[in-house]
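Source file protein-v2.cif; content: mmCIF, C-alpha atoms and all ligand atoms.
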data_run
#
loop_
_atom_site.label_atom_id
_atom_site.label_comp_id
_atom_site.auth_asym_id
_atom_site.auth_seq_id
_atom_site.Cartn_x
_atom_site.Cartn_y
_atom_site.Cartn_z
CA MET S 1382 108.31 88.86 119.21
CA SER S 1383 108.16 86.86 116.01
CA ALA S 1384 105.28 86.19 113.63
CA PRO S 1385 103.88 82.67 113.09
CA ALA S 1386 105.72 80.93 110.23
CA SER S 1387 102.61 81.07 108.05
CA SER S 1388 102.29 84.88 108.48
CA ALA S 1389 103.69 87.49 106.14
CA VAL S 1390 102.36 90.37 108.24
CA SER S 1391 101.65 90.46 111.94
CA ILE S 1392 100.23 93.58 113.59
CA ARG S 1393 99.35 93.85 117.28
CA GLY S 1394 97.72 96.78 119.04
CA LEU S 1395 98.64 99.31 116.37
CA ARG S 1396 97.85 102.92 117.22
CA LYS S 1397 98.66 105.96 115.12
CA ALA S 1398 97.65 109.57 115.64
CA PHE S 1399 98.42 112.78 113.79
CA GLY S 1400 98.31 115.55 116.37
CA PRO S 1401 95.05 115.21 118.30
CA LYS S 1402 93.51 112.94 115.65
CA THR S 1403 93.74 109.20 116.28
CA VAL S 1404 93.63 107.53 112.88
CA LEU S 1405 94.34 103.88 113.75
CA ASP S 1406 93.28 102.66 117.15
CA GLY S 1407 94.10 99.15 118.31
CA ILE S 1408 94.51 97.32 114.98
CA ASP S 1409 95.35 93.59 115.12
CA LEU S 1410 96.01 91.88 111.81
CA GLU S 1411 97.65 88.70 110.55
CA ILE S 1412 98.13 88.29 106.82
CA ARG S 1413 99.17 84.85 105.61
CA ARG S 1414 101.91 84.30 103.05
CA GLY S 1415 100.32 84.47 99.62
CA GLU S 1416 97.06 85.95 100.95
CA PHE S 1417 95.29 88.71 99.00
CA PHE S 1418 93.98 91.12 101.63
CA VAL S 1419 91.82 94.09 100.61
CA LEU S 1420 91.24 97.18 102.69
CA LEU S 1421 88.07 99.16 102.08
CA GLY S 1422 86.93 102.23 103.95
CA PRO S 1423 85.52 105.71 103.63
CA SER S 1424 87.88 108.51 102.67
CA GLY S 1425 90.26 109.65 105.39
CA THR S 1426 89.90 106.57 107.62
CA GLY S 1427 93.61 105.68 107.58
CA LYS S 1428 93.96 103.10 104.79
CA THR S 1429 96.98 104.78 103.23
CA THR S 1430 98.45 105.38 106.69
CA LEU S 1431 98.22 101.64 107.42
CA LEU S 1432 99.85 100.88 104.06
CA ARG S 1433 102.64 103.39 104.75
CA ILE S 1434 103.27 101.78 108.12
CA LEU S 1435 103.51 98.37 106.40
CA ALA S 1436 105.90 99.90 103.87
CA GLY S 1437 108.08 101.21 106.71
CA LEU S 1438 107.47 104.83 105.65
CA GLU S 1439 105.58 105.76 108.80
CA LEU S 1440 106.09 104.63 112.40
CA PRO S 1441 103.29 103.52 114.73
CA ASP S 1442 102.79 105.36 118.02
CA GLU S 1443 102.00 102.08 119.77
CA GLY S 1444 101.95 98.40 118.94
CA THR S 1445 104.13 96.02 116.96
CA VAL S 1446 104.27 95.61 113.21
CA LEU S 1447 106.14 92.71 111.62
CA ALA S 1448 106.41 92.83 107.84
CA PRO S 1449 108.89 91.29 105.39
CA ARG S 1450 111.84 93.40 104.29
CA ARG S 1451 111.20 92.46 100.68
CA ARG S 1452 108.16 94.66 100.15
CA THR S 1453 107.21 97.15 97.51
CA THR S 1454 104.36 99.55 96.76
CA VAL S 1455 102.43 100.37 93.59
CA TYR S 1456 100.62 103.70 93.80
CA GLN S 1457 97.66 105.27 92.01
CA GLU S 1458 100.08 107.06 89.69
CA PRO S 1459 102.94 105.07 88.10
CA ARG S 1460 105.74 107.34 89.43
CA LEU S 1461 108.10 106.69 86.53
CA VAL S 1462 111.30 108.65 86.05
CA GLN S 1463 110.62 110.45 82.78
CA ALA S 1464 114.31 110.84 81.92
CA ARG S 1465 114.91 107.07 82.02
CA ARG S 1466 113.71 104.51 79.52
CA VAL S 1467 111.16 101.89 80.53
CA LEU S 1468 113.65 99.09 81.31
CA ALA S 1469 115.80 101.46 83.37
CA ASN S 1470 112.67 102.42 85.31
CA VAL S 1471 111.85 98.78 85.97
CA THR S 1472 115.34 98.01 87.26
CA LEU S 1473 115.90 101.35 89.00
CA GLY S 1474 118.34 100.90 91.89
CA LEU S 1475 119.10 97.28 90.94
CA PRO S 1476 122.41 95.98 89.56
CA ARG S 1477 122.93 95.68 85.79
CA SER S 1478 122.50 91.93 86.11
CA ALA S 1479 118.80 92.54 86.82
CA ARG S 1480 118.17 93.73 83.26
CA GLU S 1481 117.24 90.27 81.98
CA ALA S 1482 114.77 89.81 84.85
CA GLY S 1483 113.47 93.32 84.05
CA ARG S 1484 112.76 92.27 80.46
CA GLY S 1485 111.04 89.14 81.80
CA ALA S 1486 108.87 91.26 84.12
CA LEU S 1487 107.93 93.53 81.21
CA ALA S 1488 106.90 90.47 79.20
CA GLU S 1489 104.81 89.25 82.13
CA VAL S 1490 102.83 92.48 82.19
CA GLY S 1491 102.30 92.34 78.42
CA LEU S 1492 104.97 94.90 77.49
CA GLU S 1493 107.54 92.73 75.76
CA GLY S 1494 109.82 94.91 73.64
CA TYR S 1495 108.93 98.16 75.45
CA GLY S 1496 112.21 98.33 77.38
CA GLY S 1497 113.68 101.04 75.16
CA ALA S 1498 110.56 103.23 75.14
CA TRP S 1499 110.32 106.53 77.01
CA PRO S 1500 107.66 106.84 79.73
CA ALA S 1501 106.10 109.86 78.00
CA THR S 1502 105.12 107.68 75.03
CA LEU S 1503 103.06 105.26 77.15
CA SER S 1504 99.32 105.26 77.82
CA GLY S 1505 98.14 105.45 81.44
CA GLY S 1506 97.46 101.71 81.48
CA GLU S 1507 100.87 100.90 79.98
CA ALA S 1508 102.64 103.14 82.48
CA GLN S 1509 100.85 101.37 85.30
CA ARG S 1510 101.95 98.02 83.85
CA VAL S 1511 105.53 99.30 83.98
CA ALA S 1512 104.99 100.16 87.66
CA LEU S 1513 103.77 96.60 88.19
CA ALA S 1514 106.82 95.18 86.39
CA ARG S 1515 109.05 97.35 88.60
CA ALA S 1516 107.37 95.80 91.64
CA LEU S 1517 107.48 92.27 90.23
CA VAL S 1518 111.18 92.27 89.40
CA ARG S 1519 111.90 92.83 93.10
CA ASP S 1520 110.15 89.52 93.88
CA PRO S 1521 108.30 91.01 96.88
CA GLU S 1522 107.07 88.88 99.77
CA LEU S 1523 104.63 91.73 100.45
CA LEU S 1524 103.04 93.73 97.65
CA LEU S 1525 101.32 96.94 98.74
CA LEU S 1526 98.80 98.34 96.25
CA ASP S 1527 97.48 101.83 97.00
CA GLU S 1528 94.48 102.30 94.67
CA PRO S 1529 96.60 101.24 91.68
CA PHE S 1530 93.66 101.15 89.25
CA ALA S 1531 91.82 104.27 90.40
CA ALA S 1532 93.13 106.57 87.66
CA LEU S 1533 92.40 104.14 84.81
CA ASP S 1534 89.38 104.00 82.51
CA ALA S 1535 86.82 101.27 83.26
CA LEU S 1536 87.98 98.77 80.63
CA THR S 1537 91.69 99.17 81.41
CA ARG S 1538 90.85 98.83 85.08
CA LEU S 1539 89.19 95.45 84.50
CA GLN S 1540 92.15 94.29 82.40
CA MET S 1541 94.58 95.40 85.09
CA GLN S 1542 92.59 93.64 87.80
CA GLU S 1543 92.80 90.46 85.76
CA LEU S 1544 96.54 90.91 85.25
CA VAL S 1545 97.19 91.52 88.94
CA ALA S 1546 95.10 88.47 89.88
CA GLU S 1547 97.11 86.36 87.43
CA LEU S 1548 100.50 87.69 88.58
CA CYS S 1549 99.66 87.23 92.25
CA GLU S 1550 98.45 83.69 91.58
CA ARG S 1551 101.78 82.93 89.90
CA HIS S 1552 104.18 84.71 92.30
CA ARG S 1553 102.14 84.40 95.52
CA PRO S 1554 103.25 87.49 97.43
CA ALA S 1555 101.08 88.54 100.34
CA VAL S 1556 99.09 91.49 99.01
CA VAL S 1557 97.44 94.45 100.69
CA LEU S 1558 95.23 96.34 98.26
CA VAL S 1559 93.60 99.63 99.23
CA THR S 1560 90.58 100.48 97.12
CA HIS S 1561 87.26 102.33 97.16
CA ASP S 1562 85.83 99.91 94.63
CA VAL S 1563 83.71 97.25 96.34
CA ASP S 1564 83.44 95.10 93.19
CA GLU S 1565 87.21 95.17 92.82
CA ALA S 1566 87.53 94.03 96.43
CA VAL S 1567 85.12 91.11 96.03
CA ARG S 1568 86.64 90.16 92.69
CA LEU S 1569 90.24 89.93 93.94
CA ALA S 1570 90.30 89.32 97.68
CA ASP S 1571 90.89 86.27 99.81
CA ARG S 1572 89.75 88.52 102.67
CA VAL S 1573 88.24 92.01 102.88
CA ALA S 1574 88.34 94.36 105.85
CA VAL S 1575 86.43 97.61 106.18
CA LEU S 1576 88.30 100.24 108.16
CA ARG S 1577 86.08 102.67 110.05
CA GLU S 1578 86.86 104.99 112.92
CA GLY S 1579 90.26 103.52 113.59
CA SER S 1580 89.50 99.81 113.51
CA PHE S 1581 88.02 97.07 111.36
CA ALA S 1582 84.22 97.26 111.23
CA VAL S 1583 84.17 93.93 109.43
CA GLU S 1584 86.67 91.33 108.30
CA GLN S 1585 85.33 88.80 105.84
CA PRO S 1586 86.98 85.93 103.96
CA ILE S 1587 85.79 85.61 100.35
CA ASP S 1588 85.70 81.93 99.52
CA LEU S 1589 84.36 82.13 95.97
CA PRO S 1590 86.22 80.36 93.14
CA HIS S 1591 88.16 82.39 90.53
CA PRO S 1592 87.39 83.93 88.11
CA ARG S 1593 84.50 85.44 90.04
CA ASP S 1594 81.15 86.12 88.46
CA ARG S 1595 79.66 89.46 89.43
CA SER S 1596 76.14 88.15 88.88
CA ASP S 1597 76.67 85.24 91.31
CA PRO S 1598 74.25 85.72 94.27
CA ALA S 1599 77.14 85.11 96.70
CA PHE S 1600 79.15 87.91 95.00
CA ILE S 1601 76.14 90.23 95.21
CA ALA S 1602 75.62 89.39 98.88
CA HIS S 1603 79.24 90.28 99.70
CA ARG S 1604 78.94 93.53 97.71
CA ARG S 1605 75.76 94.48 99.55
CA ARG S 1606 77.30 93.73 102.94
CA PHE S 1607 80.42 95.83 102.28
CA LEU S 1608 78.40 98.70 100.84
CA SER S 1609 76.24 98.72 103.93
CA HIS S 1610 79.36 98.85 106.14
CA LEU S 1611 80.50 101.79 104.02
CA GLY S 1612 77.18 103.51 104.65
CA VAL S 1613 75.75 102.91 101.17
CA ALA S 1614 72.99 100.51 102.18
CA ALA S 1615 70.62 101.15 99.28
CA ALA S 1616 73.12 100.78 96.48
CA SER S 1617 72.79 97.07 95.69
CA HIS S 1618 72.63 96.30 91.98
N1 LIG Q 1701 101.43 113.16 107.59
C1 LIG Q 1701 100.21 113.50 108.07
N2 LIG Q 1701 100.06 114.55 108.89
C2 LIG Q 1701 98.85 114.87 109.39
N3 LIG Q 1701 97.72 114.21 109.12
C3 LIG Q 1701 97.80 113.16 108.30
C4 LIG Q 1701 99.05 112.74 107.72
N4 LIG Q 1701 98.83 111.65 106.95
C5 LIG Q 1701 97.49 111.40 107.03
N5 LIG Q 1701 96.90 112.30 107.83
C6 LIG Q 1701 95.46 112.33 108.19
O1 LIG Q 1701 95.10 111.04 108.64
C7 LIG Q 1701 93.80 110.69 108.16
C8 LIG Q 1701 93.86 109.40 107.39
O2 LIG Q 1701 94.57 109.62 106.16
P1 LIG Q 1701 94.79 108.47 105.09
O3 LIG Q 1701 95.43 109.09 103.90
O4 LIG Q 1701 95.48 107.34 105.73
O5 LIG Q 1701 93.28 108.04 104.78
P2 LIG Q 1701 92.68 107.14 103.61
O6 LIG Q 1701 91.70 106.23 104.24
O7 LIG Q 1701 93.79 106.51 102.85
O8 LIG Q 1701 91.94 108.22 102.73
P3 LIG Q 1701 91.54 108.21 101.16
O9 LIG Q 1701 90.60 107.07 101.00
O10 LIG Q 1701 90.88 109.53 100.97
O11 LIG Q 1701 92.83 108.06 100.39
C9 LIG Q 1701 93.30 111.88 107.35
O12 LIG Q 1701 92.50 112.67 108.19
C10 LIG Q 1701 94.57 112.61 106.99
O13 LIG Q 1701 94.34 113.98 106.84
#

Can you dump the structure from the file as structure tokens?
Amino acid sequence: MSAPASSAVSIRGLRKAFGPKTVLDGIDLEIRRGEFFVLLGPSGTGKTTLLRILAGLELPDEGTVLAPRRRTTVYQEPRLVQARRVLANVTLGLPRSAREAGRGALAEVGLEGYGGAWPATLSGGEAQRVALARALVRDPELLLLDEPFAALDALTRLQMQELVAELCERHRPAVVLVTHDVDEAVRLADRVAVLREGSFAVEQPIDLPHPRDRSDPAFIAHRRRFLSHLGVAAASH
């Protein structure tokens, strides 16, 4: 089976259980090349499991999953090797010839000149930018983002969202972002899905122009709809 040429990811009839617990139950999903897909869902509904399957770190029990080989994940924590300098972290596992591209990636995330720094000297936001540069330098066709902003303060989080939007616009990987933050989802996504009880409770394209205004009635309507699917019906603001 092969995916349509326009697809980066193609999932059919995906089922995954851990022991007696079925976590993903009959998931079908196509993600277009360059599409920014956001996965929302209550805690423990299988978002990370789906991401790990897309990363090739976990195998499905049933179904087919087609994903590009050139894929990389950014996690909630930057996962830097403390004993290696920043540039060495960015180009970890790549040939020496990648160092120039590594410096370029650092510049793209706003860390020009940080290549010689040690991870321990970085702020949380800077360390997460290094993790982004490490992903970027691999030129992924599929970028998997597992709550990459969750550990950051509110202002840094907004700056990082802007940076990721900009980088994805420029490099156009397909993106799967897992988040609990409904505003983040509506701000960044081409399409949002809410995962509940093993399958998608809703799948909604977001056709608003960028940059998105959180006070736009259409933005607010999307937020309200997703919150209600997450069981937070009253929390519209
Ligand atoms: N390796 C594993 N062995 C057993 N159970 C697992 C394993 N990985 C995940 N689970 C279980 O599968 C369910 C889904 O986990 P997962 O981490 O995918 O959820 P999530 O939606 O990402 O949660 P959160 O939003 O809290 O991060 C949970 O009940 C979890 O305990």

Excluding S:Val1545 and its own-chain neighbours fewer than 2 positions away, which residues fall within 12 Å of it when counting all atoms listed in the file? Please give them as a VMD selection string. chain S and resid 1417 1455 1489 to 1491 1509 to 1510 1512 to 1514 1516 to 1517 1524 to 1526 1529 to 1530 1538 to 1543 1547 to 1554 1556 1558 1565 1568 to 1570

Please provide as a compact mmCIF listing (two decimals) with C-alpha atoms, keeping the file's coordinate frame all residues within 9 Å of S:Ile1412, with the sequence filter that same-chain residues fewer than 4 positions apart are discarded (counting all atoms listed in the file).
# COMPACT_ATOMS: atom_id res chain seq x y z
CA SER S 1387 102.61 81.07 108.05
CA SER S 1388 102.29 84.88 108.48
CA ALA S 1389 103.69 87.49 106.14
CA VAL S 1390 102.36 90.37 108.24
CA SER S 1391 101.65 90.46 111.94
CA ILE S 1392 100.23 93.58 113.59
CA GLU S 1416 97.06 85.95 100.95
CA PHE S 1417 95.29 88.71 99.00
CA PHE S 1418 93.98 91.12 101.63
CA ALA S 1555 101.08 88.54 100.34
CA VAL S 1556 99.09 91.49 99.01
CA VAL S 1557 97.44 94.45 100.69

Within 8 Å of ligand LIG 1701 (chain Q): each chain S residue with its shortest pair, all atoms listed in the file, as a tab-separated table:
residue	atom	partner	partner_atom	distance
S:Ala1398	CA	Q:LIG1701	O1	7.6
S:Phe1399	CA	Q:LIG1701	C2	4.9
S:Gly1400	CA	Q:LIG1701	C2	7.0
S:Lys1402	CA	Q:LIG1701	O1	7.4
S:Thr1403	CA	Q:LIG1701	O1	8.0
S:Val1404	CA	Q:LIG1701	C7	5.7
S:Gly1422	CA	Q:LIG1701	O6	6.2
S:Pro1423	CA	Q:LIG1701	O9	5.9
S:Ser1424	CA	Q:LIG1701	O9	3.5
S:Gly1425	CA	Q:LIG1701	O8	3.5
S:Thr1426	CA	Q:LIG1701	O6	3.8
S:Gly1427	CA	Q:LIG1701	O4	3.1
S:Lys1428	CA	Q:LIG1701	O6	3.9
S:Thr1429	CA	Q:LIG1701	O7	3.6
S:Thr1430	CA	Q:LIG1701	O4	3.7
S:Leu1431	CA	Q:LIG1701	O4	6.5
S:Leu1432	CA	Q:LIG1701	O4	8.0
S:Val1559	CA	Q:LIG1701	O7	7.8
S:Thr1560	CA	Q:LIG1701	O9	7.6
S:His1561	CA	Q:LIG1701	O9	7.0
S:Leu1576	CA	Q:LIG1701	O6	7.9

Give me a file of those residues, with C-alpha atoms, as a short mmCIF file (atom, residue, chain, number, x, y, z; two decimals), keeping the file's coordinate frame.
data_model
loop_
_atom_site.label_atom_id
_atom_site.label_comp_id
_atom_site.auth_asym_id
_atom_site.auth_seq_id
_atom_site.Cartn_x
_atom_site.Cartn_y
_atom_site.Cartn_z
CA ALA S 1398 97.65 109.57 115.64
CA PHE S 1399 98.42 112.78 113.79
CA GLY S 1400 98.31 115.55 116.37
CA LYS S 1402 93.51 112.94 115.65
CA THR S 1403 93.74 109.20 116.28
CA VAL S 1404 93.63 107.53 112.88
CA GLY S 1422 86.93 102.23 103.95
CA PRO S 1423 85.52 105.71 103.63
CA SER S 1424 87.88 108.51 102.67
CA GLY S 1425 90.26 109.65 105.39
CA THR S 1426 89.90 106.57 107.62
CA GLY S 1427 93.61 105.68 107.58
CA LYS S 1428 93.96 103.10 104.79
CA THR S 1429 96.98 104.78 103.23
CA THR S 1430 98.45 105.38 106.69
CA LEU S 1431 98.22 101.64 107.42
CA LEU S 1432 99.85 100.88 104.06
CA VAL S 1559 93.60 99.63 99.23
CA THR S 1560 90.58 100.48 97.12
CA HIS S 1561 87.26 102.33 97.16
CA LEU S 1576 88.30 100.24 108.16
#

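Shortest separation to S:Asp1520 among S:Ala1482, S:Val1613, S:Ala1574, S:Leu1420 occurs at residue S:Ala1482, atoms counted being all atoms listed in the file.
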
Find the smallest box with edges along x, y and z containing every listed atom of stretch 1441-1455 of chain S, then add 4 Å on each side and report centre and edge lengths in Å to one decimal, as JSON.
{"center_x": 106.9, "center_y": 98.3, "center_z": 106.7, "size_x": 17.9, "size_y": 22.1, "size_z": 34.2}

How many Å lie between atom CA of S:Gly1485 and atom CA of S:Val1518, rounded to one decimal? 8.2 Å

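With all atoms listed in the file as the atoms that count, the minimum distance from S:Gln1463 to the choices S:Ala1501, S:Leu1395, S:Glu1443, S:Ile1601 is reached by S:Ala1501.
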
Tell me, as an NGL selection string, which residues lie within 8 Å of S:Pro1441, counting all atoms listed in the file; anything in the same chain fewer than 5 positions away does not count. :S and (1395-1397 or 1434)

Leaving out stretch 1584-1599 of chain S and any residue of its chain fewer than 2 positions from it, which residues lie within 8 Å of it when counting only C-alpha atoms, given as number ranges by chain? S: 1564, 1567-1568, 1570-1575, 1581-1582, 1601-1603

Computed gap from atom CA of S:Thr1454 to atom CA of S:Ala1436 is 7.3 Å

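The nearest approach to S:Val1446 among the residues S:Gly1415, S:Gly1483, S:Ala1488, S:Arg1393, with all atoms listed in the file taken into account, belongs to S:Arg1393.
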
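Taking atom CA of S:Ala1531 and atom CA of S:Gln1457 as endpoints, the distance between them is 6.1 Å.
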